[in-house]
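Here is the structure we will look at.
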Amino acid sequence: MRTLQWVGLLVCATVVLWSLSATGVGVGSLVQGREGTVRLLSGLFPPDLDPVLLRRIATATVQTLQISVAALVLGAVLGLPMAVLIAGNVRAPRVLALPARWLAAVLRGVPELLWALLFVAAVGLGPAAGVYAISLHSAGMVAKLCSEQMEAVDPAPVEAVRLTGASRTATALFAVVPQARGTIVSQLLYQWECNVRSSVVIGYVGAGGLGQELGVALHLFRYQELATLMAAVLLLVLIVDGMSVLIRRRLGVIAGPPGDCERPRFRQRWRPQH
């Protein structure tokens, strides 16, 4: 057994070294690119604080936020029903569960950037393409992650409801989903955070928001403008992360700060009784 473990470690180490060597990762590549790095970093300072640019960035930031929220809503509408069908303890008919599992795998298997390219070609440039692209990928992720949370609930209440003769739908609605509701909310909030980052990336191909502004600044070598846009992206991500933590704490999904003795309302209401 120990021999097999050493062989496995040796194989893993060989694969890692082979991958690093084949991709050119190392000190040498960093040294070769030092001149470009210095030129880029020196061009970022000082950031461009022109009022016209700041107003344009503010508009793009709001649009990025709108894309992330709209994509979250559409992704949840598509993904949560698939999650219920995929969850093993719901025992959905295979004729529904298998197509839902395959569809979720396809949706999350295609990167948001590829979805964005397809929708930009289909509906044209703009935030609508970004919403459609992110929502499809989000639906696949929500279906997978939320189904796993549903499968991890306490089986006793599920079996108790099932023994009463309840249907699969009733069992899912009254025994599985209520127990997993807190973690599902947490997963959706985390998906919102991911959507914000994704909306910046796909905007680079013309799907609107801050990403589109970043693409223009890079193509025109406006490095000072790029620095301001990067600061706006960082600020937006930090704000969304903070809002997500605040909402989760308010719902009792995560613990409050030290010394907070108030019982989380959400857990108090939905904690299963044993």
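Scheme for the structure tokens: letters A, B, ... for chains in order shown; per-chain residue numbers from 1; ligand numbers from 1 in order shown.
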
Hey, which bits of region 169-215 of chain A sit within 12 Å of region 55-60 of chain A, and for each residue what's the closest pair of atoms and how far apart in Å (one decimal), counting only C-alpha atoms, rows by chain and increasing number, as a tab-separated table?
```
residue	atom	partner	partner_atom	distance
A:Ser199	CA	A:Ala60	CA	11.0
A:Val200	CA	A:Ala60	CA	10.0
A:Gly203	CA	A:Ala60	CA	10.1
A:Ala207	CA	A:Ala60	CA	11.2
A:Gly208	CA	A:Ala60	CA	7.5
A:Gly209	CA	A:Ala60	CA	4.4
A:Leu210	CA	A:Ala60	CA	5.1
A:Gly211	CA	A:Ala60	CA	8.5
A:Gln212	CA	A:Ala60	CA	8.4
A:Glu213	CA	A:Ala60	CA	7.5
A:Leu214	CA	A:Ile57	CA	9.9
```

Item to check | Residue neighbourhood region 231-236 of chain A, 9 Å, only C-alpha atoms, exclusion window fewer than 2 positions, as a list in words | outcome: Ile57, Ala58, Thr61, Leu65, Val196, Arg197, Val200, Leu210, Gly211, Leu226, Ala227, Thr228, Leu229, Leu238, Ile239, Val240 and Asp241 of chain A

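Counting from CA of Gly43 (chain A), the distance to CA of Val216 (chain A) is 15.9 Å.
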
Item to check | Option closest in space to Thr183 (chain A), from A:Leu145, A:Leu98, A:Val237, A:Val120 [counting only C-alpha atoms] | outcome: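 With only C-alpha atoms as the atom set, the closest residue is A:Leu145.
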
Item to check | Non-local contacts of region 125-138 of chain A (8 Å; only C-alpha atoms; under 3 positions in same chain excluded) as a ChimeraX atom specification | outcome: /A:63,67-68,70-76,79,107-113,115-116,119-121,141-142,191,195,198-199,202-203,206-209

Checklist entry - What is the CA of Leu20 (chain A)-CA of Met230 (chain A) distance in Å, reported with one decimal? => result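 Value for the CA of Leu20 (chain A)-CA of Met230 (chain A) distance: 28.7 Å.
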
Item to check | Counting only C-alpha atoms, the residue of A:Val201, A:Ala217, A:Val31, A:Val153 that sits nearest Arg181 (chain A) | outcome: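 For Arg181 (chain A), the nearest of the given residues is A:Val153.
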